[in-house]
Structures are given as structure tokens and as C-alpha cells.
Amino acid sequence: MKQLTYCVTEKRYRCRQCGEHFSDRIPVNDELVRLDCGDGHPRFLPTYGEGGYLDWLKRLTDWEEHRPITVSVSEELMKKLSARCPYRVSLWKCASAPECPRCHAKESTLESEQVKENTPVDWLEIIP
């Protein structure tokens with residue numbers, strides 16, 4: 001079995017409201033897809049391969065390879081994945097500000113940023 005390799009940028013923040021320090025992990029390139037989950041914790045899927053984002057897209061929607069992934073197809077996948085997970089699943093919006101885990105404020109100061117290879121991430125667990 002091929003070893004999955006990926007890179008994430010780990011960003012450390014300090015909340016401007018309450019002073020809480022927290023971190024956020026962001027995919028560096030196309031190897032991972034980040035998902036926001038209804039329990040407040042981001043999770044990831046590999047983009048390619050069995051059990052990856054594109055694999056689930058083919059299995060659960062009418063999307064075919066070499067066709068663009070439209071917003072409606074992506075939304076359909078998120079709805080179907082949410083039915084197979086213990087929480088609601090949505091695609092991560094990279095333009096959104098990170099939310100403080102303590103007070104939920106969206107105003108924070110970036111304190112550090114580091115690219116890490118194969119650092120542990122939380123994987124999306126899907127009930128088949």
C-alpha cells in the first residue's frame with residue numbers, strides 16, 4: 001500500500017478578545033481536502049485514491065472524472081457525507097477567519113506559521 005504524503009501549514013494565533021492561543025492547519029496544495037465539521041473540529045480527506053474526496057464524489061454523486069466539479073455537485077456530496085458522519089460536513093472556506101475555540105471571536109493575531117510534512121491531522125471518518 002502506498003504511503004500518503006502531504007504538507008500542511010500550521011498557524012498559531014492569539015485571540016484578540018480573550019487572549020486564547022490556538023492553532024489551525026491548512027492544506028498546502030492539492031493532496032488534502034479540508035472539511036469543516038458540525039462539531040467544530042476540522043477534518044481532512046486525501047484528494048486522490050480510494051476513500052479520497054474524488055473517490056467519494058464519484059461514488060455518491062453523478063460526477064464523472066474530467067468534468068468540472070460544480071458548486072451543486074460539491075453541495076450534494078457534502079449533504080451525502082453528512083448523512084454518513086455523526087456531524088454536518090461542509091467544505092472549508094479558506095477566506096474565512098479562524099474562530100477562537102474559547103470565545104468564538106473571529107479576530108486574532110497570527111503569531112507563527114510553519115509548513116509541516118505528514119504531521120498528524122484528524123481524518124474524516126465516513127460510515128460506508
# chains A, B, ... in the order shown; residues from 1 in each chain; ligands from 1
$ residues_around --residues "range 119-126 of chain A" --least-positions-apart "6" --cutoff "7 Å" --atoms "only C-alpha atoms" --output "list in words"
Arg43, Phe44, Leu45, Arg84 and Cys85 of chain A
$ write_last_selection --atoms "N, CA, C and O atoms" --output "mmCIF file, in the first residue's frame"
data_model
loop_
_atom_site.group_PDB
_atom_site.id
_atom_site.type_symbol
_atom_site.label_atom_id
_atom_site.label_comp_id
_atom_site.auth_asym_id
_atom_site.auth_seq_id
_atom_site.Cartn_x
_atom_site.Cartn_y
_atom_site.Cartn_z
ATOM 1 N N ARG A 43 -11.571 18.458 9.739
ATOM 2 C CA ARG A 43 -11.075 17.127 9.398
ATOM 3 C C ARG A 43 -10.647 17.140 7.943
ATOM 4 O O ARG A 43 -11.008 18.034 7.187
ATOM 5 N N PHE A 44 -9.906 16.113 7.557
ATOM 6 C CA PHE A 44 -9.314 16.080 6.226
ATOM 7 C C PHE A 44 -9.635 14.775 5.517
ATOM 8 O O PHE A 44 -9.876 13.744 6.148
ATOM 9 N N LEU A 45 -9.615 14.841 4.199
ATOM 10 C CA LEU A 45 -9.653 13.670 3.323
ATOM 11 C C LEU A 45 -8.494 13.809 2.355
ATOM 12 O O LEU A 45 -8.182 14.933 1.922
ATOM 13 N N ARG A 84 -23.530 10.316 6.458
ATOM 14 C CA ARG A 84 -22.682 9.178 6.816
ATOM 15 C C ARG A 84 -21.708 9.498 7.949
ATOM 16 O O ARG A 84 -20.834 8.701 8.253
ATOM 17 N N CYS A 85 -21.830 10.677 8.509
ATOM 18 C CA CYS A 85 -20.951 11.102 9.601
ATOM 19 C C CYS A 85 -21.812 11.512 10.797
ATOM 20 O O CYS A 85 -22.980 11.849 10.621
#
$ select_by_dssp --residues "range 79-112 of chain A" --states "helix (DSSP H, G or I)" --output "PyMOL selection string"
chain A and resi 79-83
$ write_last_selection --atoms "N, CA, C and O atoms" --output "mmCIF file, in the first residue's frame"
data_model
loop_
_atom_site.group_PDB
_atom_site.id
_atom_site.type_symbol
_atom_site.label_atom_id
_atom_site.label_comp_id
_atom_site.auth_asym_id
_atom_site.auth_seq_id
_atom_site.Cartn_x
_atom_site.Cartn_y
_atom_site.Cartn_z
ATOM 1 N N LYS A 79 -23.818 17.008 1.527
ATOM 2 C CA LYS A 79 -25.079 16.528 2.115
ATOM 3 C C LYS A 79 -25.029 15.012 2.333
ATOM 4 O O LYS A 79 -25.396 14.513 3.395
ATOM 5 N N LYS A 80 -24.522 14.302 1.340
ATOM 6 C CA LYS A 80 -24.459 12.838 1.451
ATOM 7 C C LYS A 80 -23.389 12.387 2.448
ATOM 8 O O LYS A 80 -23.593 11.403 3.157
ATOM 9 N N LEU A 81 -22.267 13.100 2.515
ATOM 10 C CA LEU A 81 -21.261 12.763 3.523
ATOM 11 C C LEU A 81 -21.796 13.056 4.920
ATOM 12 O O LEU A 81 -21.542 12.286 5.862
ATOM 13 N N SER A 82 -22.540 14.147 5.068
ATOM 14 C CA SER A 82 -23.120 14.492 6.378
ATOM 15 C C SER A 82 -24.038 13.384 6.876
ATOM 16 O O SER A 82 -24.111 13.130 8.082
ATOM 17 N N ALA A 83 -24.726 12.710 5.958
ATOM 18 C CA ALA A 83 -25.610 11.605 6.338
ATOM 19 C C ALA A 83 -24.817 10.380 6.795
ATOM 20 O O ALA A 83 -25.347 9.516 7.487
#
$ residues_around --residues "Cys15 in chain A" --least-positions-apart "4" --cutoff "10 Å" --atoms "only C-alpha atoms" --output "ChimeraX atom specification"
/A:19-22,98-110
$ atom_distance --atom1 "CA of Asn29 in chain A" --atom2 "CA of Tyr6 in chain A"
8.2 Å
$ residues_around --residues "Glu113 in chain A" --least-positions-apart "3" --cutoff "8 Å" --atoms "only C-alpha atoms" --output "list of chain:residue names"
A:Thr9, A:Glu10, A:Lys11, A:Arg12, A:Leu110
$ residues_around --residues "Val8 in chain A" --least-positions-apart "3" --cutoff "6 Å" --atoms "only C-alpha atoms" --output "PDB file with N, CA and C atoms, in the first residue's frame"
ATOM      1  N   ILE A  26      -3.829  24.042   7.650  1.00  0.00           N
ATOM      2  CA  ILE A  26      -4.340  24.356   6.320  1.00  0.00           C
ATOM      3  C   ILE A  26      -3.554  23.547   5.294  1.00  0.00           C
ATOM      4  N   PRO A  27      -4.247  22.865   4.359  1.00  0.00           N
ATOM      5  CA  PRO A  27      -3.516  22.124   3.319  1.00  0.00           C
ATOM      6  C   PRO A  27      -2.650  23.062   2.496  1.00  0.00           C
ATOM      7  N   VAL A  28      -1.438  22.614   2.171  1.00  0.00           N
ATOM      8  CA  VAL A  28      -0.517  23.427   1.393  1.00  0.00           C
ATOM      9  C   VAL A  28      -0.845  23.343  -0.096  1.00  0.00           C
ATOM     10  N   VAL A 115       5.305  25.221   7.767  1.00  0.00           N
ATOM     11  CA  VAL A 115       4.889  24.116   6.904  1.00  0.00           C
ATOM     12  C   VAL A 115       5.435  22.824   7.495  1.00  0.00           C
ATOM     13  N   LYS A 116       4.544  21.842   7.634  1.00  0.00           N
ATOM     14  CA  LYS A 116       4.941  20.555   8.204  1.00  0.00           C
ATOM     15  C   LYS A 116       4.542  19.439   7.250  1.00  0.00           C
TER      16      LYS A 116
END
$ closest_residue --among "A:Thr5, A:Cys18, A:Ser23, A:Ser112" --to "Thr47 in chain A" --atoms "only C-alpha atoms"
A:Thr5
$ residues_around --residues "range 55-57 of chain A" --least-positions-apart "3" --cutoff "10 Å" --atoms "only C-alpha atoms" --output "ChimeraX atom specification"
/A:45-52,60-65,69,73-74,76-78,80-81,126
$ atom_distance --atom1 "CA of Ser72 in chain A" --atom2 "CA of Leu54 in chain A"
15.0 Å
